[in-house]
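Text of the file entry-v1.tsv, holding TSV, C-alpha atoms:
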```tsv
chain	number	residue	atom	x	y	z
Q	23	MET	CA	-15.08	15.82	11.30
Q	24	ALA	CA	-11.36	16.40	11.16
Q	25	GLY	CA	-9.16	16.16	8.09
Q	26	PRO	CA	-8.86	18.08	4.81
Q	27	LEU	CA	-11.54	15.95	3.07
Q	28	SER	CA	-14.24	16.31	5.72
Q	29	HIS	CA	-16.50	17.89	3.08
Q	30	ILE	CA	-16.24	14.91	0.70
Q	31	ARG	CA	-18.40	11.77	0.47
Q	32	VAL	CA	-17.07	8.57	-1.09
Q	33	LEU	CA	-19.19	5.66	-2.29
Q	34	ASP	CA	-16.92	2.63	-1.92
Q	35	LEU	CA	-18.21	-0.26	-4.01
Q	36	SER	CA	-14.84	-2.02	-3.93
Q	37	ARG	CA	-13.59	-5.03	-2.02
Q	38	ILE	CA	-10.41	-7.04	-1.41
Q	39	MET	CA	-7.41	-4.66	-1.22
Q	40	ALA	CA	-6.68	-2.02	-3.88
Q	41	GLY	CA	-10.03	-0.21	-3.82
Q	42	PRO	CA	-10.50	-0.51	-0.05
Q	43	TRP	CA	-6.95	0.79	0.48
Q	44	SER	CA	-7.86	3.91	-1.49
Q	45	GLY	CA	-11.11	4.22	0.46
Q	46	GLN	CA	-9.25	3.94	3.75
Q	47	ILE	CA	-6.83	6.69	2.74
Q	48	LEU	CA	-9.75	8.95	1.86
Q	49	ALA	CA	-11.46	8.06	5.16
Q	50	ASP	CA	-8.28	8.85	7.08
Q	51	LEU	CA	-8.26	12.24	5.34
Q	52	GLY	CA	-11.71	12.90	6.76
Q	53	ALA	CA	-14.03	11.84	3.93
Q	54	ASP	CA	-17.34	10.13	4.73
Q	55	VAL	CA	-16.66	6.77	3.11
Q	56	ILE	CA	-19.69	4.51	2.74
Q	57	LYS	CA	-18.72	0.91	2.06
Q	58	VAL	CA	-21.41	-1.00	0.16
Q	59	GLU	CA	-21.19	-4.72	0.88
Q	60	ARG	CA	-22.96	-7.80	-0.43
Q	61	LEU	CA	-25.97	-8.72	1.61
Q	62	GLY	CA	-25.08	-11.45	4.12
Q	63	GLU	CA	-21.58	-11.89	2.66
Q	64	GLY	CA	-19.67	-8.64	2.79
Q	65	ASP	CA	-16.17	-7.99	1.56
Q	66	ASP	CA	-14.30	-11.17	0.56
Q	67	THR	CA	-11.49	-10.30	2.97
Q	68	ARG	CA	-13.80	-10.70	5.98
Q	69	ARG	CA	-13.22	-14.43	5.53
Q	70	TRP	CA	-9.50	-14.22	4.76
Q	71	GLY	CA	-8.25	-15.62	8.04
Q	72	PRO	CA	-7.11	-16.66	10.49
Q	73	PRO	CA	-6.19	-14.59	12.35
Q	74	TYR	CA	-9.47	-13.05	13.51
Q	75	LEU	CA	-10.03	-10.30	16.05
Q	76	ALA	CA	-10.86	-11.55	19.55
Q	77	ALA	CA	-14.02	-10.23	21.20
Q	78	ALA	CA	-13.91	-8.63	24.64
Q	79	ASP	CA	-14.80	-12.01	26.21
Q	80	GLY	CA	-11.97	-13.76	24.34
Q	81	SER	CA	-14.17	-15.50	21.78
Q	82	ARG	CA	-13.36	-15.26	18.08
Q	83	THR	CA	-15.19	-12.66	16.00
Q	84	GLN	CA	-15.73	-12.75	12.24
Q	85	GLU	CA	-13.43	-9.76	11.73
Q	86	SER	CA	-10.26	-10.98	9.99
Q	87	GLY	CA	-6.93	-9.23	10.34
Q	88	TYR	CA	-6.84	-8.74	6.58
Q	89	TYR	CA	-10.21	-6.97	6.51
Q	90	LEU	CA	-9.27	-4.85	9.52
Q	91	SER	CA	-6.13	-3.61	7.75
Q	92	VAL	CA	-7.95	-1.80	4.91
Q	93	ASN	CA	-11.35	-0.57	6.09
Q	94	ARG	CA	-10.77	1.84	8.97
Q	95	GLY	CA	-12.94	4.93	9.16
Q	96	LYS	CA	-15.76	3.71	6.89
Q	97	ARG	CA	-19.47	3.09	7.35
Q	98	SER	CA	-20.89	-0.23	6.10
Q	99	VAL	CA	-24.24	-0.77	4.43
Q	100	GLU	CA	-25.49	-4.15	3.19
Q	101	VAL	CA	-27.37	-4.23	-0.12
Q	102	ASP	CA	-28.12	-6.67	-2.91
Q	103	ILE	CA	-27.36	-4.68	-6.06
Q	104	ALA	CA	-29.00	-7.41	-8.16
Q	105	THR	CA	-32.39	-6.26	-6.86
Q	106	PRO	CA	-34.18	-3.05	-7.89
Q	107	GLU	CA	-34.27	-2.01	-4.23
Q	108	GLY	CA	-30.53	-2.52	-3.82
Q	109	ARG	CA	-29.80	-0.64	-7.02
Q	110	ASP	CA	-31.95	2.23	-5.80
Q	111	VAL	CA	-29.90	2.49	-2.62
Q	112	VAL	CA	-26.66	2.74	-4.59
Q	113	VAL	CA	-28.14	5.33	-6.97
Q	114	ALA	CA	-29.37	7.36	-4.01
Q	115	LEU	CA	-25.90	7.23	-2.48
Q	116	ALA	CA	-24.33	8.25	-5.80
Q	117	ARG	CA	-26.53	11.35	-5.92
Q	118	THR	CA	-24.89	12.59	-2.73
Q	119	ALA	CA	-21.36	11.31	-3.42
Q	120	ASP	CA	-18.32	13.10	-4.78
Q	121	ILE	CA	-16.29	9.96	-5.58
Q	122	VAL	CA	-17.17	6.37	-6.47
Q	123	LEU	CA	-14.60	3.58	-6.10
Q	124	GLU	CA	-15.35	0.21	-7.71
Q	125	ASN	CA	-13.35	-2.85	-8.71
Q	126	PHE	CA	-15.91	-5.14	-10.33
Q	127	LYS	CA	-15.10	-6.97	-13.56
Q	128	VAL	CA	-15.44	-4.70	-16.56
Q	129	GLY	CA	-19.10	-4.27	-17.51
Q	130	THR	CA	-20.56	-5.85	-14.35
Q	131	LEU	CA	-21.93	-2.70	-12.76
Q	132	ALA	CA	-23.28	-1.45	-16.08
Q	133	ARG	CA	-25.45	-4.59	-16.26
Q	134	TYR	CA	-27.04	-3.51	-12.99
Q	135	GLY	CA	-27.53	0.06	-14.14
Q	136	LEU	CA	-24.66	1.26	-11.95
Q	137	GLY	CA	-21.97	1.98	-14.54
Q	138	TYR	CA	-20.35	5.36	-15.02
Q	139	ASP	CA	-22.88	6.57	-17.56
Q	140	ASP	CA	-25.76	5.51	-15.31
Q	141	LEU	CA	-24.48	7.29	-12.23
Q	142	LYS	CA	-23.23	10.30	-14.18
Q	143	ALA	CA	-26.81	10.80	-15.33
Q	144	VAL	CA	-27.94	11.34	-11.74
Q	145	ASN	CA	-24.79	13.21	-10.64
Q	146	PRO	CA	-22.78	14.89	-13.44
Q	147	ARG	CA	-20.16	16.05	-10.92
Q	148	LEU	CA	-19.35	12.48	-9.89
Q	149	ILE	CA	-15.77	11.22	-10.05
Q	150	TYR	CA	-16.02	7.50	-10.85
Q	151	CYS	CA	-12.88	5.41	-10.41
Q	152	SER	CA	-12.75	1.91	-11.88
Q	153	ILE	CA	-9.97	-0.28	-10.47
Q	154	THR	CA	-9.34	-3.53	-12.36
Q	155	GLY	CA	-6.54	-5.98	-13.02
Q	156	PHE	CA	-5.98	-5.00	-16.64
Q	157	GLY	CA	-7.96	-1.84	-17.26
Q	158	THR	CA	-11.24	-1.17	-19.04
Q	159	THR	CA	-9.71	-1.57	-22.51
Q	160	GLY	CA	-7.49	-4.13	-24.20
Q	161	PRO	CA	-7.53	-7.89	-24.87
Q	162	ARG	CA	-7.44	-8.91	-21.17
Q	163	LYS	CA	-9.88	-6.32	-19.83
Q	164	SER	CA	-12.43	-8.93	-18.70
Q	165	GLU	CA	-9.98	-11.14	-16.79
Q	166	VAL	CA	-9.71	-11.36	-13.01
Q	167	ALA	CA	-6.37	-10.57	-11.39
Q	168	TYR	CA	-4.78	-10.76	-7.96
Q	169	ASP	CA	-1.69	-9.04	-6.61
Q	170	PHE	CA	0.53	-12.13	-6.75
Q	171	MET	CA	-0.04	-12.80	-10.45
Q	172	ILE	CA	0.35	-9.12	-11.32
Q	173	GLN	CA	3.67	-8.94	-9.45
Q	174	ALA	CA	4.78	-11.74	-11.76
Q	175	MET	CA	3.30	-10.40	-15.00
Q	176	GLY	CA	4.43	-6.82	-14.36
Q	177	GLY	CA	8.09	-7.71	-13.93
Q	178	LEU	CA	8.49	-7.13	-10.20
Q	179	MET	CA	9.29	-10.75	-9.43
Q	180	SER	CA	12.01	-10.78	-12.09
Q	181	VAL	CA	13.97	-8.27	-9.99
Q	182	THR	CA	12.95	-9.47	-6.51
Q	183	GLY	CA	14.73	-12.34	-4.79
Q	184	GLU	CA	18.21	-13.81	-4.60
Q	185	ARG	CA	20.26	-14.57	-7.70
Q	186	ASP	CA	19.37	-17.84	-9.37
Q	187	ASP	CA	22.87	-19.27	-8.84
Q	188	LEU	CA	22.83	-18.72	-5.06
Q	189	PRO	CA	21.07	-20.70	-2.31
Q	190	GLY	CA	17.45	-19.63	-2.11
Q	191	GLY	CA	17.69	-18.02	-5.51
Q	192	GLY	CA	14.70	-17.53	-7.76
Q	193	PRO	CA	11.76	-15.18	-8.18
Q	194	GLN	CA	10.05	-13.86	-5.07
Q	195	LYS	CA	7.02	-11.72	-4.47
Q	196	VAL	CA	7.17	-8.75	-2.13
Q	197	GLY	CA	6.11	-9.66	1.40
Q	198	VAL	CA	3.03	-7.39	1.34
Q	199	PRO	CA	0.53	-7.03	-1.55
Q	200	ILE	CA	2.50	-4.13	-2.92
Q	201	VAL	CA	0.71	-3.81	-6.27
Q	202	ASP	CA	-2.67	-3.70	-4.54
Q	203	ILE	CA	-1.38	-1.06	-2.15
Q	204	MET	CA	0.22	1.05	-4.86
Q	205	THR	CA	-2.87	0.69	-7.06
Q	206	GLY	CA	-4.87	2.09	-4.17
Q	207	MET	CA	-2.36	4.91	-3.84
Q	208	TYR	CA	-2.50	5.75	-7.56
Q	209	ALA	CA	-6.30	5.61	-7.45
Q	210	THR	CA	-6.30	8.06	-4.54
Q	211	VAL	CA	-3.97	10.46	-6.32
Q	212	ALA	CA	-6.13	10.24	-9.45
Q	213	VAL	CA	-9.46	10.92	-7.75
Q	214	LEU	CA	-8.00	13.82	-5.78
Q	215	ALA	CA	-6.60	15.27	-9.02
Q	216	ALA	CA	-10.03	14.89	-10.61
Q	217	LEU	CA	-11.54	16.54	-7.54
Q	218	ALA	CA	-9.17	19.51	-7.93
Q	219	ARG	CA	-10.11	19.80	-11.62
Q	220	ARG	CA	-13.81	19.64	-10.77
Q	221	ALA	CA	-13.34	22.61	-8.47
Q	222	GLU	CA	-12.20	24.57	-11.53
Q	223	THR	CA	-14.53	23.20	-14.22
Q	224	GLY	CA	-17.53	21.78	-12.36
Q	225	GLU	CA	-17.11	18.53	-14.31
Q	226	GLY	CA	-16.77	15.03	-12.90
Q	227	ASP	CA	-14.60	12.40	-14.56
Q	228	PHE	CA	-14.04	8.71	-15.18
Q	229	VAL	CA	-10.75	7.29	-13.89
Q	230	ASP	CA	-9.41	3.98	-15.23
Q	231	ILE	CA	-6.75	2.37	-12.99
Q	232	ALA	CA	-5.23	-1.02	-13.92
Q	233	MET	CA	-3.10	-3.10	-11.56
Q	234	LEU	CA	-0.87	-4.26	-14.42
Q	235	ASP	CA	-0.25	-0.66	-15.48
Q	236	VAL	CA	0.66	0.21	-11.90
Q	237	SER	CA	3.04	-2.74	-11.65
Q	238	VAL	CA	4.83	-1.64	-14.81
Q	239	ALA	CA	5.00	1.97	-13.60
Q	240	MET	CA	6.55	0.70	-10.35
Q	241	LEU	CA	9.51	-0.77	-12.23
Q	242	ALA	CA	10.90	2.76	-12.05
Q	243	ASN	CA	14.72	2.75	-12.24
Q	244	GLN	CA	14.80	-0.95	-13.17
Q	245	ALA	CA	12.72	-0.26	-16.28
Q	246	MET	CA	14.85	2.74	-17.21
Q	247	ASN	CA	18.04	0.76	-16.65
Q	248	TYR	CA	16.78	-1.67	-19.29
Q	249	LEU	CA	15.54	1.03	-21.66
Q	250	VAL	CA	18.87	2.86	-21.48
Q	251	SER	CA	21.17	-0.16	-21.69
Q	252	GLY	CA	19.17	-2.84	-23.48
Q	253	THR	CA	20.20	-5.26	-20.74
Q	254	ALA	CA	17.42	-6.94	-18.76
Q	255	PRO	CA	17.67	-6.35	-14.98
Q	256	ILE	CA	18.26	-9.46	-12.90
Q	257	ARG	CA	17.54	-10.49	-9.33
Q	258	ARG	CA	20.36	-9.32	-7.09
Q	259	GLY	CA	19.05	-10.24	-3.66
Q	260	ASN	CA	19.48	-7.18	-1.46
Q	261	ARG	CA	22.12	-5.51	-3.60
Q	262	HIS	CA	21.08	-2.24	-5.23
Q	263	PRO	CA	21.60	-2.27	-9.02
Q	264	ASN	CA	22.86	1.34	-9.22
Q	265	ILE	CA	24.18	2.45	-5.81
Q	266	GLN	CA	26.86	0.73	-3.73
Q	267	PRO	CA	27.49	-0.36	-1.09
Q	268	GLN	CA	23.85	-1.13	-0.29
Q	269	ASP	CA	23.13	-4.61	1.01
Q	270	VAL	CA	22.52	-6.79	4.05
Q	271	PHE	CA	25.73	-7.66	5.87
Q	272	ALA	CA	26.37	-10.20	8.61
Q	273	VAL	CA	27.83	-8.78	11.82
Q	274	ALA	CA	29.20	-10.60	14.86
Q	275	ASP	CA	25.75	-11.24	16.33
Q	276	GLY	CA	23.24	-10.74	13.53
Q	277	HIS	CA	22.68	-8.67	10.42
Q	278	LEU	CA	22.72	-5.03	9.41
Q	279	VAL	CA	21.32	-3.12	6.44
Q	280	LEU	CA	23.75	-0.64	4.93
Q	281	ALA	CA	22.59	2.06	2.50
Q	282	VAL	CA	25.50	4.26	1.46
Q	283	GLY	CA	24.10	6.81	-0.97
Q	284	ASN	CA	26.99	8.98	-2.14
Q	285	ASP	CA	30.77	9.33	-2.19
Q	286	GLU	CA	30.96	11.48	0.96
Q	287	GLN	CA	28.96	8.90	2.91
Q	288	PHE	CA	31.31	6.22	1.60
Q	289	ARG	CA	34.34	8.21	2.82
Q	290	ARG	CA	32.86	8.39	6.33
Q	291	PHE	CA	31.86	4.74	6.12
Q	292	ALA	CA	35.39	3.69	5.24
Q	293	GLU	CA	36.76	5.64	8.19
Q	294	VAL	CA	34.35	3.94	10.62
Q	295	LEU	CA	35.42	0.53	9.32
Q	296	GLY	CA	39.07	1.48	9.87
Q	297	CYS	CA	39.84	1.51	6.16
Q	298	PRO	CA	40.09	5.21	5.19
Q	299	GLU	CA	42.30	4.28	2.24
Q	300	TRP	CA	39.25	2.89	0.41
Q	301	ALA	CA	38.02	6.40	-0.27
Q	302	GLY	CA	41.17	7.13	-2.24
Q	303	ASP	CA	41.26	3.80	-4.07
Q	304	ALA	CA	40.35	4.31	-7.73
Q	305	ARG	CA	38.27	1.13	-7.61
Q	306	PHE	CA	36.07	2.49	-4.83
Q	307	ALA	CA	36.35	6.29	-4.84
Q	308	THR	CA	33.20	6.90	-6.91
Q	309	ASN	CA	29.84	5.20	-6.96
Q	310	ALA	CA	30.31	4.07	-10.56
Q	311	ALA	CA	33.64	2.52	-9.62
Q	312	ARG	CA	32.12	0.77	-6.59
Q	313	VAL	CA	29.33	-0.70	-8.70
Q	314	THR	CA	31.89	-1.90	-11.25
Q	315	HIS	CA	34.21	-3.41	-8.63
Q	316	LEU	CA	31.59	-4.63	-6.18
Q	317	ASP	CA	32.84	-8.21	-6.29
Q	318	ILE	CA	36.08	-6.93	-4.73
Q	319	LEU	CA	34.60	-4.40	-2.32
Q	320	HIS	CA	31.75	-6.50	-0.95
Q	321	PRO	CA	33.85	-9.23	0.74
Q	322	LEU	CA	36.20	-6.59	2.20
Q	323	ILE	CA	33.24	-4.91	3.87
Q	324	GLY	CA	31.90	-8.27	5.01
Q	325	GLU	CA	35.16	-9.13	6.77
Q	326	ARG	CA	35.19	-5.86	8.71
Q	327	PHE	CA	31.56	-6.11	9.80
Q	328	LEU	CA	32.11	-9.55	11.34
Q	329	THR	CA	34.55	-8.08	13.85
Q	330	GLN	CA	31.92	-6.26	15.97
Q	331	PRO	CA	28.32	-6.76	17.14
Q	332	LEU	CA	25.29	-4.97	15.75
Q	333	ALA	CA	25.04	-2.42	18.54
Q	334	HIS	CA	28.62	-1.27	17.91
Q	335	TRP	CA	28.07	-0.72	14.19
Q	336	LEU	CA	24.70	1.00	14.62
Q	337	ALA	CA	26.24	3.43	17.10
Q	338	ALA	CA	29.44	4.07	15.14
Q	339	LEU	CA	27.82	4.41	11.73
Q	340	GLY	CA	24.97	6.44	13.18
Q	341	ALA	CA	27.43	8.88	14.74
Q	342	ALA	CA	29.10	9.23	11.34
Q	343	GLN	CA	25.71	9.78	9.67
Q	344	VAL	CA	26.04	6.70	7.49
Q	345	PRO	CA	22.56	5.29	6.78
Q	346	CYS	CA	22.15	1.86	8.35
Q	347	GLY	CA	19.67	-0.05	10.43
Q	348	PRO	CA	18.68	-3.34	12.03
Q	349	ILE	CA	16.33	-5.78	10.33
Q	350	ASN	CA	13.31	-5.52	12.58
Q	351	THR	CA	10.61	-8.12	12.88
Q	352	VAL	CA	7.05	-6.76	12.82
Q	353	PRO	CA	6.82	-6.84	16.65
Q	354	MET	CA	10.14	-5.00	16.84
Q	355	VAL	CA	8.84	-2.29	14.51
Q	356	PHE	CA	6.18	-1.32	17.03
Q	357	GLU	CA	8.80	-1.15	19.79
Q	358	GLU	CA	10.91	1.38	17.86
Q	359	ALA	CA	11.09	4.63	19.82
Q	360	GLN	CA	10.51	6.71	16.69
Q	361	ILE	CA	7.38	4.75	15.74
Q	362	LYS	CA	6.03	5.19	19.26
Q	363	HIS	CA	6.76	8.90	19.18
Q	364	ARG	CA	4.93	9.27	15.85
Q	365	GLU	CA	1.96	7.33	17.28
Q	366	MET	CA	1.70	5.10	14.24
Q	367	LEU	CA	-0.10	2.46	16.31
Q	368	ARG	CA	-3.41	3.53	17.86
Q	369	ASP	CA	-6.26	1.85	19.72
Q	370	LEU	CA	-9.67	2.55	18.19
Q	371	PRO	CA	-13.01	1.77	19.86
Q	372	HIS	CA	-14.61	-1.42	18.50
Q	373	PRO	CA	-18.16	-2.67	19.18
Q	374	LEU	CA	-17.11	-6.30	19.72
Q	375	ALA	CA	-13.54	-6.18	21.01
Q	376	GLY	CA	-13.70	-2.98	23.03
Q	377	THR	CA	-10.71	-1.66	21.12
Q	378	VAL	CA	-8.81	-2.70	18.01
Q	379	LYS	CA	-5.23	-1.77	17.22
Q	380	GLN	CA	-4.69	0.06	13.95
Q	381	VAL	CA	-1.60	1.16	12.03
Q	382	VAL	CA	-2.75	4.64	11.13
Q	383	SER	CA	-2.04	7.02	8.26
Q	384	PRO	CA	1.50	8.41	8.00
Q	385	MET	CA	0.13	11.79	6.80
Q	386	ARG	CA	0.35	14.69	9.23
Q	387	PHE	CA	-1.38	18.07	8.70
Q	388	ALA	CA	-0.77	21.17	10.78
Q	389	ASN	CA	-4.04	22.92	9.93
Q	390	ALA	CA	-6.37	19.96	9.32
Q	391	PRO	CA	-5.25	17.20	11.71
Q	392	LEU	CA	-6.51	13.70	11.09
Q	393	ALA	CA	-8.74	11.90	13.56
Q	394	PHE	CA	-8.78	8.14	14.02
Q	395	ASP	CA	-11.98	7.37	15.86
Q	396	ARG	CA	-13.87	4.88	13.70
Q	397	ALA	CA	-12.78	1.24	13.54
Q	398	PRO	CA	-13.34	-0.92	10.47
Q	399	PRO	CA	-17.11	-1.45	10.48
Q	400	LEU	CA	-19.00	-4.64	11.16
Q	401	LEU	CA	-20.92	-5.97	8.18
Q	402	GLY	CA	-23.93	-3.71	7.70
Q	403	GLU	CA	-23.21	-1.86	10.92
Q	404	HIS	CA	-24.51	1.43	9.53
Q	405	THR	CA	-27.25	0.17	7.20
Q	406	ALA	CA	-30.15	1.60	9.17
Q	407	GLU	CA	-28.31	4.85	9.79
Q	408	ILE	CA	-27.46	5.37	6.12
Q	409	LEU	CA	-30.90	4.41	4.83
Q	410	ALA	CA	-32.43	6.87	7.26
Q	411	GLU	CA	-30.17	9.60	5.89
Q	412	LEU	CA	-31.39	8.74	2.40
Q	413	GLY	CA	-35.01	8.75	3.49
Q	414	LEU	CA	-35.43	5.08	2.58
Q	415	ALA	CA	-37.27	2.42	4.57
Q	416	GLY	CA	-35.10	0.04	6.58
Q	417	GLU	CA	-36.26	-2.97	4.65
Q	418	VAL	CA	-35.12	-1.58	1.28
Q	419	ALA	CA	-31.64	-3.10	1.59
Q	420	ARG	CA	-33.07	-6.52	2.30
```

Starting from the coordinates I provided, produce the structure as structure tokens.
Amino acid sequence: MAGPLSHIRVLDLSRIMAGPWSGQILADLGADVIKVERLGEGDDTRRWGPPYLAAADGSRTQESGYYLSVNRGKRSVEVDIATPEGRDVVVALARTADIVLENFKVGTLARYGLGYDDLKAVNPRLIYCSITGFGTTGPRKSEVAYDFMIQAMGGLMSVTGERDDLPGGGPQKVGVPIVDIMTGMYATVAVLAALARRAETGEGDFVDIAMLDVSVAMLANQAMNYLVSGTAPIRRGNRHPNIQPQDVFAVADGHLVLAVGNDEQFRRFAEVLGCPEWAGDARFATNAARVTHLDILHPLIGERFLTQPLAHWLAALGAAQVPCGPINTVPMVFEEAQIKHREMLRDLPHPLAGTVKQVVSPMRFANAPLAFDRAPPLLGEHTAEILAELGLAGEVAR
């Protein structure tokens, strides 16, 4: 197999989004990721539709778009871990695995004899990653969590959305399950770090990743702004709290995103808008001054932008190397020349649909190129294959 992790096996006991996202990253990197799913039910997200993938004959399959977005490159085996036979399958897989990903409620897998201590006993080199809403310790450790509620609890929604005093104001969640995604990213970083340490020490490890912790970590500059100033950040719509001008502006025929990042960019920006004097104005000459006097600067910029269409501004600002861009819809994203050149959208072979489109990994390696040749698996698609590899009878999983 291709990819820098082609020597690694991952036992993916997770479902929904955060754990599967991590598993998909590892699969993209070449790992053999075996997804263990509930017998007859599978991952919850298989039913999170519509939309569902269409079969080659146009009929609807049971493969939801949500499920298809986070399970590329894996093999699926159906087992009932509540049975001795099902437990034995998971233990057998753990013996051959390098990494385990799981996101059950705290203590659940231990009741089935599949907790960290249980699997460590059969494979001391195992890296076992537990992904939960609140972590494996603390007063809320046993509670269930979803991305939406964690975006709220972790502070992200307090800084996302338009100002309360403006039309449409109020807290908003991010348009994708960003905490789930970032939790999967942090989990991936953590297990790869543990893998690097194991190469030095020979020891496995237990990794505890909490969605709420991740959400708080993601507050980044907004958290530090508060810790430095003592002033709670507020929702500002599209305006950046520390760097200006950065916002969405109306133009003659639509909207444009502007992201001026330093004083030299602002000087060039002012020239393009026909207002070179702004760069010498004490109210606007430095970023700190522009943030302080934004209520004056912002409407001046808005007036100028309304004088020309989007294409004019994209060309003029682009030529001046001032960061800006259109607000693409999702279909427009896949028509972007740069996205096409980078081949971010691929067609993978699929047993029901013939092919299925996939947004692939953004990682590129010169010496260990990634291969995208395995679609998200059907429920239990590889059960017989995997049991045969383990030397177990086909009926064990059932």

*Fewer than 3 positions away in the same chain doesn't count, so skip those; otherwise give me all residues within 12 Å of region 182-193 of chain Q, counting only C-alpha atoms, as number ranges by chain.*
Q: 170, 173-179, 196-197, 241, 244, 255-263, 269-270

Take the residues that were just selected and, keeping C-alpha atoms, output them as a compact mmCIF listing (two decimals), keeping the file's coordinate frame.
```
# COMPACT_ATOMS: atom_id res chain seq x y z
CA PHE Q 170 0.53 -12.13 -6.75
CA GLN Q 173 3.67 -8.94 -9.45
CA ALA Q 174 4.78 -11.74 -11.76
CA MET Q 175 3.30 -10.40 -15.00
CA GLY Q 176 4.43 -6.82 -14.36
CA GLY Q 177 8.09 -7.71 -13.93
CA LEU Q 178 8.49 -7.13 -10.20
CA MET Q 179 9.29 -10.75 -9.43
CA VAL Q 196 7.17 -8.75 -2.13
CA GLY Q 197 6.11 -9.66 1.40
CA LEU Q 241 9.51 -0.77 -12.23
CA GLN Q 244 14.80 -0.95 -13.17
CA PRO Q 255 17.67 -6.35 -14.98
CA ILE Q 256 18.26 -9.46 -12.90
CA ARG Q 257 17.54 -10.49 -9.33
CA ARG Q 258 20.36 -9.32 -7.09
CA GLY Q 259 19.05 -10.24 -3.66
CA ASN Q 260 19.48 -7.18 -1.46
CA ARG Q 261 22.12 -5.51 -3.60
CA HIS Q 262 21.08 -2.24 -5.23
CA PRO Q 263 21.60 -2.27 -9.02
CA ASP Q 269 23.13 -4.61 1.01
CA VAL Q 270 22.52 -6.79 4.05
```

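Minimum atom-to-atom distances from Q:Ser91, Q:Ser251, Q:Gln287, Q:Gln343 to Asn309 (chain Q) were compared using only C-alpha atoms, and the lowest value belongs to Q:Gln287.
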
*asked:* Could you check the closest approach to Leu339 (chain Q) for each of Q:Ala292, Q:Ala274, Q:Leu115, Q:Ala245 and tell me which residue wins, using only C-alpha atoms?
replied: Q:Ala292

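In this structure, CA of Met366 (chain Q) sits 22.2 Å away from CA of Pro345 (chain Q).
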
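Our summary of the geometry notes that CA of Gly226 (chain Q) is positioned 24.1 Å from CA of Gly108 (chain Q).
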
_Distance cut-off 7 Å, centre (-18.9, 4.2, 3.5) in file coordinates, counting only C-alpha atoms: which residues qualify? Return them as a ChimeraX atom specification._
/Q:32-34,54-58,96-98

*Distance of CA of Gly224 (chain Q) from CA of Ser44 (chain Q), expressed in Å to one decimal place*: 23.0 Å

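Around the point (24.9, -3.0, 18.3), within 10 Å and counting all atoms listed in the file, we find these residues: Q:Val273, Q:Ala274, Q:Asp275, Q:Gly276, Q:His277, Q:Leu278, Q:Gln330, Q:Pro331, Q:Leu332, Q:Ala333, Q:His334, Q:Trp335, Q:Leu336, Q:Ala337, Q:Ala338, Q:Gly347, Q:Pro348.
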
*asked:* Ranking Q:Gly135, Q:Pro371, Q:Gly157, Q:Gly340 by minimum distance to Phe291 (chain Q) and counting only C-alpha atoms, which one comes first?
replied: Q:Gly340

Do a neighbour search on Leu217 (chain Q) at 12 Å with only C-alpha atoms, toss out local chain neighbours closer than 5 positions, and write the hits as a compact mmCIF listing (two decimals) with C-alpha atoms, keeping the file's coordinate frame.
```
# COMPACT_ATOMS: atom_id res chain seq x y z
CA LEU Q 27 -11.54 15.95 3.07
CA HIS Q 29 -16.50 17.89 3.08
CA ILE Q 30 -16.24 14.91 0.70
CA ARG Q 31 -18.40 11.77 0.47
CA VAL Q 32 -17.07 8.57 -1.09
CA ALA Q 119 -21.36 11.31 -3.42
CA ASP Q 120 -18.32 13.10 -4.78
CA ILE Q 121 -16.29 9.96 -5.58
CA VAL Q 122 -17.17 6.37 -6.47
CA ARG Q 147 -20.16 16.05 -10.92
CA LEU Q 148 -19.35 12.48 -9.89
CA ILE Q 149 -15.77 11.22 -10.05
CA TYR Q 150 -16.02 7.50 -10.85
CA CYS Q 151 -12.88 5.41 -10.41
CA THR Q 210 -6.30 8.06 -4.54
CA VAL Q 211 -3.97 10.46 -6.32
CA ALA Q 212 -6.13 10.24 -9.45
CA GLU Q 222 -12.20 24.57 -11.53
CA THR Q 223 -14.53 23.20 -14.22
CA GLY Q 224 -17.53 21.78 -12.36
CA GLU Q 225 -17.11 18.53 -14.31
CA GLY Q 226 -16.77 15.03 -12.90
CA ASP Q 227 -14.60 12.40 -14.56
CA PHE Q 228 -14.04 8.71 -15.18
CA VAL Q 229 -10.75 7.29 -13.89
```
